[in-house]
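Take a look at the structure set out below.
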Amino acid sequence: MAEFDLAVRGGQVATGFGTVRCDIGVKDGRIVALAERIADAAQVVEAGGLLVLPGGVDSHCHIEEPSRGGYVGAGEGEPPLTVNEETFATASASAFAGGTTSVVCFIPQWKGFGVWERYVDYRARAAKGMLDHSFHQIISDPTDIVMDEEVPRVVAEGVRSLKVFLTYEPLHLSDAQYIRVLAKARELGCLVTVHCENYAAISWRTAELLKHGMTAPKYHAWSRPPVVEREATHRAIALAELVDQPIQVFHVSCAEAAEEIARAQARGVKVWGETCPQYVALTAADMDRPGFEGAKFMCSPSPRTTEEHARIWEMIRRGTLDVVSSDHCAFSFEGDKGKGQNGRAAPFRDIPNGIPGFAARLPIMFSEGVSKGRISLDEFVRLTSTNPARLMGLAPRKGMIAVGSDADLALWDPAKKVTITNALMQHAIDYTPYEGLEVTGWPVATIRRGEVVMREGKVQAEPGTGRFLPRAPYDFIRPRGLVPDGFDPAPARR
């Protein structure tokens with residue numbers, strides 16, 4: 001019997017803290033050896049001339065998520081119950097095609113409903129996919145029963161992060177509700193992740209724009225300028241600092257918001273910032289296209305300007321923004337279930353927000369970052385794998401190439417030039433906002449727990465082979481123990 005189940009030979013192994021030419025030995029799905037030469041293996045993957053990266057960890061993505069009407073602005077009436085078009089099977093294929101092996105996605109909550117039933121349903125949905133997965137629990141209605149009975153039960157199952165929105169009509173929390181979530185998260189040892197935009201400001205701007213007949217998709221950006229993101233980021237951090245609860249600010253689109261994070265980090269506050277490829281590859285001008293075409297590029301926060309791209313890259317280099325996710329939240333362009341579910345003449349307010357991005361995340365960040373000299377290879381690895389795994393409590397099992405870690409690997413051709421097309425994305429959605437973008441650097445094989453699940457664009461994993469990743473308490477997100485005046489109304493569980 002061979003000593004190893006798999007050997008990956010001859011590649012330049014990028015750990016995020018240096019690159020070395022070595023072989024990787026895998027046994028029972030784990031990395032068990034890093035050596036100059038591994039000869040005795042049942043299966044060999046030759047990686048000569050390639051980089052060997054940790055499999056990508058996408059800690060912010062929406063998959064097969066039941067919702068009531070999608071991520072829209074301030075629409076009226078009770079929207080219908082729908083399910084996100086991206087199933088766990090199609091999401092897995094798209095992720096593997098782009099070099100990602102693990103995800104953290106979202107269990108929904110709707111106002112007037114609890115969370116436990118949704119958790120059970122979502123676990124069953126995720127089990128049909130191929131990706132290793134963990135969850136954030138969305139909190140949109142923090143009632144006594146939800147916060148005191150159901151959330152502790154979900155956390156005990158291994159869900160270690162709570163997601164809140166400070167905007168969107170069906171989802172946003174008041175400051176008092178947000179504080180309640182922060183306090184409960186501190187008690188239970190959870191991270192809180194926050195969508196930071198000011199609900200009241202966006203509602204006011206939206207109403208005024210529509211009153212003036214400014215309804216086209218391009219006005220989505222006008223409804224939520226950087227100041228509303230900056231204000232909400234400042235408020236989210238200030239209230240988290242008051243409670244002494246660590247938070248991550250999701251999808252930062254502008255330097256104004258990132259500066260709020262940087263100032264808090266300088267004070268020692270435990271706050272982390274995330275951004276996404278759309279904030280270095282798309283602009284608000286993409287929404288200014290004829291007819292309904294601009295809807296393809298609508299997401300929140302809105303893409304900004306090319307000048308803002310440079311500022312986001314600077315914030316990445318400074319370490320203020322230390323995670324890059326896809327925020328894959330996808331709606332097809334054609335048909336009546338996606339972007340056009342409220343009609344193709346609908347005002348921007350009633351067009352679902354969100355764009356597809358699973359398979360594009362790593363290639364865009366590698367091409368725009370490493371290939372163009374904006375960041376190093378080590379920084380790329382940390383941004384897309386190591387840092388999200390660490391922040392989400394998945395390291396060292398995920399996001400690392402180290403003895404004992406899961407054998408999740410992406411074999412990468414750093415010189416390969418590819419023009420992105422929707423077919424290459426392998427998702428369930430009928431378009432990609434990155435159509436026609438040429439990138440340098442592309443994954444040629446993806447390995448999940450020692451199994452080759454993608455080779456040369458062909459996904460070969462079996463449905464139902466993904467694993468749930470329960471997260472136990474971990475020190476990285478432990479509160480600092482600093483509260484104003486020494487008065488602690490929300491003591492952390494030790």
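Convention: chains lettered A, B, ... in structure tokens order; per-chain residue numbering from 1; ligands numbered from 1 as shown.
Within the 7 Å cut-off around A:Pro396, using only C-alpha atoms and omitting residues fewer than 3 positions from it on the same chain, the listed residues are Gly399, Met400 and Ser405 of chain A.
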Test item, strand (DSSP E) assignment across stretch 119-286 of chain A, answer as a count of residues only: 25
Listing only residues of stretch 422-473 of chain A within 7 Å of stretch 79-98 of chain A, what is the closest atom pair and its distance in Å (to one decimal) for each, using only C-alpha atoms, sorted by chain and residue number ascending, as a Markdown table?
| residue | atom | partner | partner_atom | distance |
| --- | --- | --- | --- | --- |
| A:Met425 | CA | A:Ser94 | CA | 5.7 |
| A:Gln426 | CA | A:Ser94 | CA | 4.8 |
| A:His427 | CA | A:Ser94 | CA | 5.1 |
| A:Ala428 | CA | A:Glu86 | CA | 5.5 |
| A:Pro443 | CA | A:Gly98 | CA | 6.3 |
| A:Thr446 | CA | A:Phe96 | CA | 6.1 |
| A:Val453 | CA | A:Phe96 | CA | 6.8 |
| A:Met454 | CA | A:Phe96 | CA | 6.1 |
| A:Gly457 | CA | A:Ala97 | CA | 5.8 |
| A:Val459 | CA | A:Ala93 | CA | 6.1 |
| A:Pro463 | CA | A:Ala89 | CA | 6.5 |
Preceding selection exported with N, CA, C and O atoms as a PDB file, in the first residue's frame:
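Okay, this is what ended up in part_10.pdb:
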ATOM      1  N   MET A 425     -17.722  30.641 -16.145  1.00  0.00           N
ATOM      2  CA  MET A 425     -18.094  30.833 -14.740  1.00  0.00           C
ATOM      3  C   MET A 425     -18.825  29.619 -14.163  1.00  0.00           C
ATOM      4  O   MET A 425     -18.836  29.413 -12.953  1.00  0.00           O
ATOM      5  N   GLN A 426     -19.493  28.847 -14.985  1.00  0.00           N
ATOM      6  CA  GLN A 426     -20.168  27.601 -14.594  1.00  0.00           C
ATOM      7  C   GLN A 426     -21.177  27.791 -13.457  1.00  0.00           C
ATOM      8  O   GLN A 426     -21.391  26.880 -12.654  1.00  0.00           O
ATOM      9  N   HIS A 427     -21.782  28.976 -13.369  1.00  0.00           N
ATOM     10  CA  HIS A 427     -22.829  29.189 -12.376  1.00  0.00           C
ATOM     11  C   HIS A 427     -24.204  29.043 -13.028  1.00  0.00           C
ATOM     12  O   HIS A 427     -24.316  28.813 -14.225  1.00  0.00           O
ATOM     13  N   ALA A 428     -25.251  29.213 -12.236  1.00  0.00           N
ATOM     14  CA  ALA A 428     -26.613  29.049 -12.744  1.00  0.00           C
ATOM     15  C   ALA A 428     -27.147  30.305 -13.396  1.00  0.00           C
ATOM     16  O   ALA A 428     -28.243  30.294 -13.951  1.00  0.00           O
ATOM     17  N   PRO A 443      -6.760  29.244 -12.561  1.00  0.00           N
ATOM     18  CA  PRO A 443      -6.630  27.915 -11.949  1.00  0.00           C
ATOM     19  C   PRO A 443      -6.791  26.813 -12.985  1.00  0.00           C
ATOM     20  O   PRO A 443      -7.734  26.836 -13.783  1.00  0.00           O
ATOM     21  N   THR A 446      -8.305  22.114  -9.192  1.00  0.00           N
ATOM     22  CA  THR A 446      -8.703  22.400  -7.814  1.00  0.00           C
ATOM     23  C   THR A 446      -8.822  21.079  -7.080  1.00  0.00           C
ATOM     24  O   THR A 446      -9.396  20.108  -7.596  1.00  0.00           O
ATOM     25  N   VAL A 453     -11.178  17.951  -7.842  1.00  0.00           N
ATOM     26  CA  VAL A 453     -12.592  18.236  -8.119  1.00  0.00           C
ATOM     27  C   VAL A 453     -12.760  19.109  -9.367  1.00  0.00           C
ATOM     28  O   VAL A 453     -13.882  19.282  -9.851  1.00  0.00           O
ATOM     29  N   MET A 454     -11.657  19.648  -9.870  1.00  0.00           N
ATOM     30  CA  MET A 454     -11.701  20.377 -11.147  1.00  0.00           C
ATOM     31  C   MET A 454     -10.352  20.234 -11.818  1.00  0.00           C
ATOM     32  O   MET A 454      -9.313  20.386 -11.188  1.00  0.00           O
ATOM     33  N   GLY A 457     -10.886  23.122 -16.160  1.00  0.00           N
ATOM     34  CA  GLY A 457     -12.242  23.639 -16.318  1.00  0.00           C
ATOM     35  C   GLY A 457     -13.345  22.621 -16.178  1.00  0.00           C
ATOM     36  O   GLY A 457     -14.519  22.990 -16.137  1.00  0.00           O
ATOM     37  N   VAL A 459     -15.376  20.196 -13.977  1.00  0.00           N
ATOM     38  CA  VAL A 459     -15.678  19.869 -12.589  1.00  0.00           C
ATOM     39  C   VAL A 459     -16.099  18.416 -12.500  1.00  0.00           C
ATOM     40  O   VAL A 459     -16.921  17.940 -13.282  1.00  0.00           O
ATOM     41  N   PRO A 463     -22.210  15.333  -6.219  1.00  0.00           N
ATOM     42  CA  PRO A 463     -23.132  16.031  -5.313  1.00  0.00           C
ATOM     43  C   PRO A 463     -23.232  15.323  -3.968  1.00  0.00           C
ATOM     44  O   PRO A 463     -23.172  14.089  -3.887  1.00  0.00           O
TER      45      PRO A 463
END
Within 12 Å of stretch 194-211 of chain A, which residues of stretch 262-329 of chain A show up? Give each one with its shortest atom-to-atom distance in Å (one decimal) and the two atoms involved, counting only C-alpha atoms, rows by chain then rising residue number, as a tab-separated table.
residue	atom	partner	partner_atom	distance
A:Val271	CA	A:Val194	CA	10.5
A:Trp272	CA	A:Val194	CA	10.4
A:Gly273	CA	A:Val194	CA	10.0
A:Glu274	CA	A:Val194	CA	10.3
A:Thr275	CA	A:His195	CA	11.5
A:Ser300	CA	A:Glu197	CA	8.7
A:Pro301	CA	A:Glu197	CA	7.5
A:Ser302	CA	A:Glu197	CA	10.5
A:Asp327	CA	A:His195	CA	11.2
Out of stretch 75-173 of chain A, which residues get alpha helix (DSSP H) from DSSP, as a CSV table (one decimal) with C-alpha atoms, in the first residue's frame?
chain,number,residue,atom,x,y,z
A,88,PHE,CA,-25.5,24.5,-3.8
A,89,ALA,CA,-24.7,22.1,-6.8
A,90,THR,CA,-24.2,25.0,-9.3
A,91,ALA,CA,-22.4,27.1,-6.7
A,92,SER,CA,-20.0,24.3,-6.0
A,93,ALA,CA,-19.1,23.9,-9.7
A,94,SER,CA,-18.6,27.6,-10.1
A,95,ALA,CA,-16.4,27.9,-7.0
A,96,PHE,CA,-14.3,24.9,-8.0
A,97,ALA,CA,-13.9,26.3,-11.5
A,116,TRP,CA,-34.2,27.4,13.9
A,117,GLU,CA,-36.5,26.2,11.2
A,118,ARG,CA,-34.5,28.1,8.6
A,119,TYR,CA,-31.3,26.6,10.0
A,120,VAL,CA,-32.6,23.0,9.6
A,121,ASP,CA,-33.8,23.7,6.1
A,122,TYR,CA,-30.5,25.4,5.0
A,123,ARG,CA,-28.4,22.6,6.4
A,124,ALA,CA,-30.3,20.1,4.3
A,125,ARG,CA,-29.9,22.3,1.2
A,126,ALA,CA,-26.2,22.7,1.7
A,144,ASP,CA,-36.9,37.6,22.8
A,145,ILE,CA,-37.6,34.1,21.6
A,151,VAL,CA,-29.9,31.9,18.4
A,152,PRO,CA,-28.1,30.0,21.3
A,153,ARG,CA,-29.3,26.8,19.8
A,154,VAL,CA,-28.0,27.6,16.4
A,155,VAL,CA,-24.7,28.7,17.8
A,156,ALA,CA,-24.4,25.5,19.7
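Restricting the calculation to only C-alpha atoms, the smallest distance between A:Glu64 and any of A:Ala330, A:Ala492, A:Ile261, A:Ala410 is found for A:Ala330.
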Between A:Leu51, A:Leu191, A:Ile139, A:Ala407, which has the minimum distance to A:Pro170 (counting only C-alpha atoms)? A:Ile139
Write out as a PyMOL selection string the residues lying within 8 Å of stretch 479-485 of chain A, counting only C-alpha atoms and excluding same-chain residues fewer than 4 positions away. chain A and resi 186+241-246+270+492
Which of A:Val20, A:Leu409, A:Val159, A:Ala42 sits closest to A:Pro473 [using only C-alpha atoms]: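 Nearest candidate to A:Pro473 out of A:Val20, A:Leu409, A:Val159, A:Ala42: A:Val159.
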Residues within 9 Å of stretch 366-374 of chain A, please, as a PyMOL selection string. Count only C-alpha atoms; anything in the same chain fewer than 3 positions from it doesn't count. chain A and resi 280-281+313-314+317+361-363+377+379-380+414-415+438-442
I'd like the contact shell of A:Ala472 - 12 Å cut-off, only C-alpha atoms, skipping same-chain residues fewer than 5 positions apart - returned as a list in words.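 The residues satisfying every condition are Ser134, Val155, Ala156, Glu157, Gly158, Val159, Arg160, Ser161, Leu188, Gly189, Cys190, Leu191, Met392, Gly393, Leu394, Ala395 and Ile477 of chain A.
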